[in-house]
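Working notes for the structure below.
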Amino acid sequence: MLELRGITRRFRIGPTERTVLHGIDLDLAAGELVSIMGGSGSGKTTFMNILGLLDRPSTGTYCIRGEDVLAAKADAQSLMRNRMIGFVFQQFFLMPRLNAWRNVALPLMYRGTPEAEARRRSEAMLQRVGLGQHLSHMPNMLSGGQKQRVAIARALVTEPALILADEPTGALDPTVSREIMGLFEEMNRELGVLVVIITHDPGVAARCRRRLTLVQGRLLEEDDLAKARAA
Amino acid sequence: MIRQTLIEAAGNLLAVWQRSLLALIGIVVGAGAVIAMLHAGAMAREETIRQFRQMGTDTMVLRADSNTGMGNFRLGDIEATPEAVPLIREIAPFMIGGGTIISEGRSRNAGFLGVTAEFAQVARLPMAEGRFLSPFDRFELLVVVGHDLAQQLSSPFAPLRVGSQIRISRYVFTVAGILEPAMMNPMLPVDVNTTLFLSLPNARRVIALPSLSMAVARLQPDADPELASQMLQQHLGPGLRDARLNVLTARQLIAGMNSQVQLVAMLLGAVGSIALVLGGVGVMNIMLMSVAERRREIGIRLAIGARRRDVRRLFLAEALILSLLGAALGVGLGFLGGIGFAWMSGWQVSFSPIAAPLGAGVSIAVGVFFGFYPAVMAARLDPIEALRAE
């Protein structure tokens with residue numbers, strides 16, 4: 001489903017060039033629940049930006065559903081993000097002046113879906129994430145966990161190939177964190193959507209079936225990591 | 001999508017309503033000034049046409065100027081003019097003065113006009129009451145009173161009317177007639193409404209330095225005013241000794257007034273344009289601030305699949321809402337300004353049909369023009385940078 005080959009990313013800071021990602025190869029299949037861990041400076045954010053089509057690698061290829069997503073220009077890439085990727089952020093990033101269903105409907109609106117249908121689908125998705133009672137509430141009337149549920153509904157409503165969650169539980173207390181992880185697992189299981197969670201919380205990573213770690217710009221599977229540690 | 005964009009844009013403007021209000025005021029004042037200017041211009045044109053009709057295009061005013069002040073016409077020359085210059089239909093000389101008048105124990109200052117019997121007809125002054133001066137009673141102590149002056153001299157218990165007495169220095173005059181209210185005639189050096197009319201011999205008695213230096217004349221229908229004034233020079237010039245004859249035609253005066261009105265309209269237009277540009281800068285200012293403050297929001301929108309043009313459209317919608325609202329309020333302000341202008345200048349209220357659409361159109365265009373740059377700035381943001389913004 002997702003296929004990354006030889007992804008490197010170099011940043012030029014003045015005269016010096018710094019390589020942040022060193023030739024990453026990664027295959028992700030539909031229905032996987034994957035965590036990516038990594039300390040600061042490991043290239044986690046850079047990798048997430050590339051995975052989310054917000055940044056372009058210096059070299060390498062990236063295909064989603066067999067489509068080369070690096071060939072597209074900025075506006076076409078926006079459409080690809082719209083079609084293929086759902087973002088979930090640590091700080092939820094809801095539009096403060098739109099109510100719950102309008103927040104969820106936003107990506108559909110950008111896609112040109114008629115408002116009536118966008119509303120129907122958004123409300124259905126909000127029901128699914130357990131917010132059937134809060135369809136028209138404004139974000140400031142919702143709790144942190146509820147906000148994150150709205151954000152997850154917004155990510156799922158476009159039926160994307162990939163949900164990319166950046167520290168989705170970082171701003172939540174442990175109980176709500178567990179609920180949100182439960183929701184990710186449920187959506188992953190029931191909708192068969194590929195979920196990639198970027199986290200530094202081992203508890204969150206532990207609930208993912210596949211665990212990856214970025215170490216100094218190289219991506220290691222959990223087994224590799226164990227071997228590396230053992231060596 | 002457009003509805004959603006407008007809802008969002010309106011919500012964003014309301015969220016920073018003080019700032020939106022400031023930008024709005026700029027646009028409103030700009031649009032209002034432009035529209036008021038157009039109304040004022042239309043009213044000025046209307047007014048000129050009305051005055052034109054009132055005094056007629058066939059009016060001329062003759063003035064004898066000398067190096068030491070005012071010259072003197074010879075009454076005989078003036079009276080012989082319609083025969084000597086066939087292009088002139090009628091002519092009435094007059095002398096100007098002023099002084100204190102006392103009526104019913106109240107004194108006030110008034111302008112005096114020493115005239116012949118023809119003056120009322122030549123200057124088109126209809127009577128409200130009584131009659132005008134006649135050639136037969138020019139040595140009698142009779143006066144004719146302008147409408148406003150008559151009212152000023154009246155009290156509720158003793159209205160001024162025909163037969164009332166008015167004292168001027170040592171003479172007691174009797175009111176022979178009162179004029180109807182007359183429109184301000186820009187050809188005449190006085191406002192006839194506040195003037196006291198006397199016969200020439202009487203005027204020489206009460207005016208300190210009497211000089212028969214002016215005359216008002218009417219042309220024959222279709223006569224050429226240029227030719228007439230040349231012929232007047234030939235006829236009256238020799239009798240003036242060291243004075244010069246100055247002929248002012250209604251056409252010249254109207255041309256002069258028109259250019260003045262145009263100057264005022266242009267000044268107003270310049271003020272309006274500056275206000276409008278300032279309003280536009282105001283819009284740009286709040287839009288740029290809004291873009292800077294909402295970088296993260298823009299980043300989120302780009303991340304969830306907004307194209308650059310979607311972001312641009314959102315900010316343009318805000319500029320558009322501001323300019324539409326500003327234009328609508330500006331139209332109202334412009335009409336009020338027009339009414340105020342008419343009130344101050346004493347003109348009749350009339351509105352230019354193009355003012356509202358033109359003024360509103362220009363202000364909307366300005367608002368959107370100045371909103372364009374911030375909108376493009378917003379659309380060009382890098383999503384990664386924008387998402388990282390606080």
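Letters for chains follow the order of the structure tokens (A, B, ...), residue numbers begin at 1 for each chain, and ligand numbers begin at 1 in the order shown.
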Contacts between chain A and chain B, please, where a residue of chain B counts if it comes within 8 Å (with only C-alpha atoms); show its shortest atom pair and distance in Å to one decimal, rows by chain and ascending number, as a Markdown table.
```
| residue | atom | partner | partner_atom | distance |
| --- | --- | --- | --- | --- |
| B:Met1 | CA | A:Met109 | CA | 5.8 |
| B:Glu8 | CA | A:Arg97 | CA | 7.3 |
| B:Gly11 | CA | A:Arg97 | CA | 6.5 |
| B:Asn12 | CA | A:Arg97 | CA | 7.3 |
| B:Glu297 | CA | A:Met95 | CA | 7.1 |
| B:Ile300 | CA | A:Phe93 | CA | 6.9 |
| B:Leu302 | CA | A:Ser78 | CA | 6.6 |
| B:Ala303 | CA | A:Arg81 | CA | 6.8 |
| B:Ile304 | CA | A:Asn82 | CA | 5.5 |
| B:Gly305 | CA | A:Asn82 | CA | 4.0 |
| B:Ala306 | CA | A:Tyr110 | CA | 5.6 |
| B:Arg307 | CA | A:Asp75 | CA | 5.1 |
| B:Arg308 | CA | A:Asp75 | CA | 6.3 |
| B:Asp310 | CA | A:Tyr110 | CA | 7.3 |
| B:Pro383 | CA | A:Leu54 | CA | 6.5 |
| B:Ile384 | CA | A:Leu54 | CA | 6.3 |
```
Could you save the residues just selected, with N, CA and C atoms, as a CSV table (one decimal), in the first residue's frame?
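Printed below is out-v5.csv as written:
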```csv
chain,number,residue,atom,x,y,z
B,1,MET,N,-19.5,24.8,-0.8
B,1,MET,CA,-18.2,25.2,-0.4
B,1,MET,C,-18.1,26.7,-0.3
B,8,GLU,N,-17.2,30.8,7.4
B,8,GLU,CA,-16.0,30.8,8.1
B,8,GLU,C,-15.4,32.2,8.1
B,11,GLY,N,-17.2,34.4,10.4
B,11,GLY,CA,-16.9,34.0,11.8
B,11,GLY,C,-15.5,34.6,12.2
B,12,ASN,N,-14.5,34.5,11.3
B,12,ASN,CA,-13.2,35.0,11.6
B,12,ASN,C,-13.2,36.5,11.8
B,297,GLU,N,-3.4,27.6,11.7
B,297,GLU,CA,-4.7,27.2,11.1
B,297,GLU,C,-4.5,27.0,9.6
B,300,ILE,N,-2.9,23.7,9.1
B,300,ILE,CA,-3.8,22.6,9.2
B,300,ILE,C,-4.7,22.4,8.0
B,302,LEU,N,-3.9,23.3,5.0
B,302,LEU,CA,-3.1,22.7,3.9
B,302,LEU,C,-2.9,21.2,4.1
B,303,ALA,N,-2.7,20.9,5.4
B,303,ALA,CA,-2.5,19.4,5.7
B,303,ALA,C,-3.7,18.6,5.4
B,304,ILE,N,-4.9,19.1,5.7
B,304,ILE,CA,-6.0,18.2,5.4
B,304,ILE,C,-6.5,18.4,4.0
B,305,GLY,N,-5.8,19.0,3.2
B,305,GLY,CA,-6.1,18.9,1.7
B,305,GLY,C,-6.6,20.2,1.1
B,306,ALA,N,-6.5,21.3,1.8
B,306,ALA,CA,-6.9,22.6,1.1
B,306,ALA,C,-5.8,22.9,0.1
B,307,ARG,N,-6.2,23.3,-1.1
B,307,ARG,CA,-5.3,23.7,-2.1
B,307,ARG,C,-5.0,25.2,-1.8
B,308,ARG,N,-3.9,25.7,-2.4
B,308,ARG,CA,-3.5,27.1,-2.2
B,308,ARG,C,-4.7,28.0,-2.5
B,310,ASP,N,-7.8,27.4,-2.2
B,310,ASP,CA,-8.8,27.4,-1.1
B,310,ASP,C,-8.4,28.4,0.0
B,383,PRO,N,3.4,24.5,4.5
B,383,PRO,CA,2.6,23.9,5.5
B,383,PRO,C,3.4,23.4,6.8
B,384,ILE,N,4.6,23.0,6.6
B,384,ILE,CA,5.4,22.6,7.7
B,384,ILE,C,5.7,23.7,8.7
```
Test item: residues at most 9 Å from Leu141 in chain B, only C-alpha atoms, excluding those fewer than 3 positions along its chain, as a list of chain:residue names: B:Asp137, B:Arg138, B:Tyr171, B:Val172, B:Phe173, B:Thr174, B:Val175, B:Leu198, B:Ser199, B:Asn202
For the residues selected in the previous step, produce a file with C-alpha atoms as a short mmCIF file (atom, residue, chain, number, x, y, z; two decimals), in the first residue's frame.
```cif
data_model
loop_
_atom_site.label_atom_id
_atom_site.label_comp_id
_atom_site.auth_asym_id
_atom_site.auth_seq_id
_atom_site.Cartn_x
_atom_site.Cartn_y
_atom_site.Cartn_z
CA ASP B 137 -43.47 108.88 -8.61
CA ARG B 138 -39.72 108.79 -8.67
CA TYR B 171 -36.47 110.80 5.37
CA VAL B 172 -39.59 108.81 6.12
CA PHE B 173 -40.45 106.46 3.27
CA THR B 174 -43.69 104.64 2.64
CA VAL B 175 -43.69 101.03 1.54
CA LEU B 198 -35.60 103.20 -4.04
CA SER B 199 -35.92 105.43 -7.07
CA ASN B 202 -34.18 109.07 -3.63
#
```
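Compared by their closest atoms to Ser40 in chain A, and using only C-alpha atoms, the residues A:Val20, A:Ala105, A:Glu190, A:Gly182 rank with A:Val20 nearest.
Nearest-residue note for Leu179 in chain B: choosing from B:Ile96, B:Met127, B:Ala10, B:Ala215, the minimum distance belongs to B:Met127, counting only C-alpha atoms.
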Based on the backbone DSSP call, show me all residues of chain A assigned strand (DSSP E), as a PyMOL selection string. chain A and resi 2-13+16-28+33-37+59-64+67-68+85-88+162-166+194-198+210-215+218-221
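One finds CA of Leu200 in chain B at 21.7 Å from CA of Ile88 in chain B.
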Spatial neighbours of Ala30 in chain A, max dist 7 Å, only C-alpha atoms, sep filter under 4 positions, as an mmCIF file with all heavy atoms, in the first residue's frame:
```cif
data_model
loop_
_atom_site.group_PDB
_atom_site.id
_atom_site.type_symbol
_atom_site.label_atom_id
_atom_site.label_comp_id
_atom_site.auth_asym_id
_atom_site.auth_seq_id
_atom_site.Cartn_x
_atom_site.Cartn_y
_atom_site.Cartn_z
ATOM 1 N N MET A 1 0.821 -1.199 0.000
ATOM 2 C CA MET A 1 0.000 0.000 0.000
ATOM 3 C C MET A 1 0.872 1.273 0.000
ATOM 4 O O MET A 1 0.782 2.095 -0.899
ATOM 5 C CB MET A 1 -0.865 -0.015 1.261
ATOM 6 C CG MET A 1 -1.798 1.140 1.283
ATOM 7 S SD MET A 1 -3.456 0.584 1.066
ATOM 8 C CE MET A 1 -4.292 1.680 2.173
ATOM 9 N N GLY A 192 -10.141 -1.236 8.630
ATOM 10 C CA GLY A 192 -8.981 -1.755 7.913
ATOM 11 C C GLY A 192 -8.051 -0.660 7.438
ATOM 12 O O GLY A 192 -7.329 -0.813 6.450
ATOM 13 N N VAL A 193 -8.044 0.489 8.135
ATOM 14 C CA VAL A 193 -7.211 1.591 7.692
ATOM 15 C C VAL A 193 -5.816 1.455 8.312
ATOM 16 O O VAL A 193 -5.658 0.957 9.424
ATOM 17 C CB VAL A 193 -7.873 2.936 8.065
ATOM 18 C CG1 VAL A 193 -8.008 3.083 9.573
ATOM 19 C CG2 VAL A 193 -7.093 4.107 7.486
ATOM 20 N N LEU A 194 -4.818 1.822 7.551
ATOM 21 C CA LEU A 194 -3.433 1.802 8.030
ATOM 22 C C LEU A 194 -3.226 2.980 8.976
ATOM 23 O O LEU A 194 -3.502 4.124 8.619
ATOM 24 C CB LEU A 194 -2.489 1.905 6.829
ATOM 25 C CG LEU A 194 -1.028 2.271 7.104
ATOM 26 C CD1 LEU A 194 -0.346 1.202 7.956
ATOM 27 C CD2 LEU A 194 -0.281 2.436 5.781
#
```
Closest of A:Asn103, A:Gln90, A:Asn188, A:Ser42 to Pro160 in chain A - atom-to-atom distances counting only C-alpha atoms: A:Asn188
Hey, what does DSSP flag as helix (DSSP H, G or I) within range 66-278 of chain B? Can you give it to me as number ranges by chain? B: 75-84, 119-122, 135-137, 147-153, 192-194, 200-206, 225-240, 250-278
Who sits within 12 Å of Val277 in chain B, only C-alpha atoms, same chain under 2 positions skipped, as a ChimeraX atom specification: /B:23,26-31,33-34,270-275,279-284,362-370
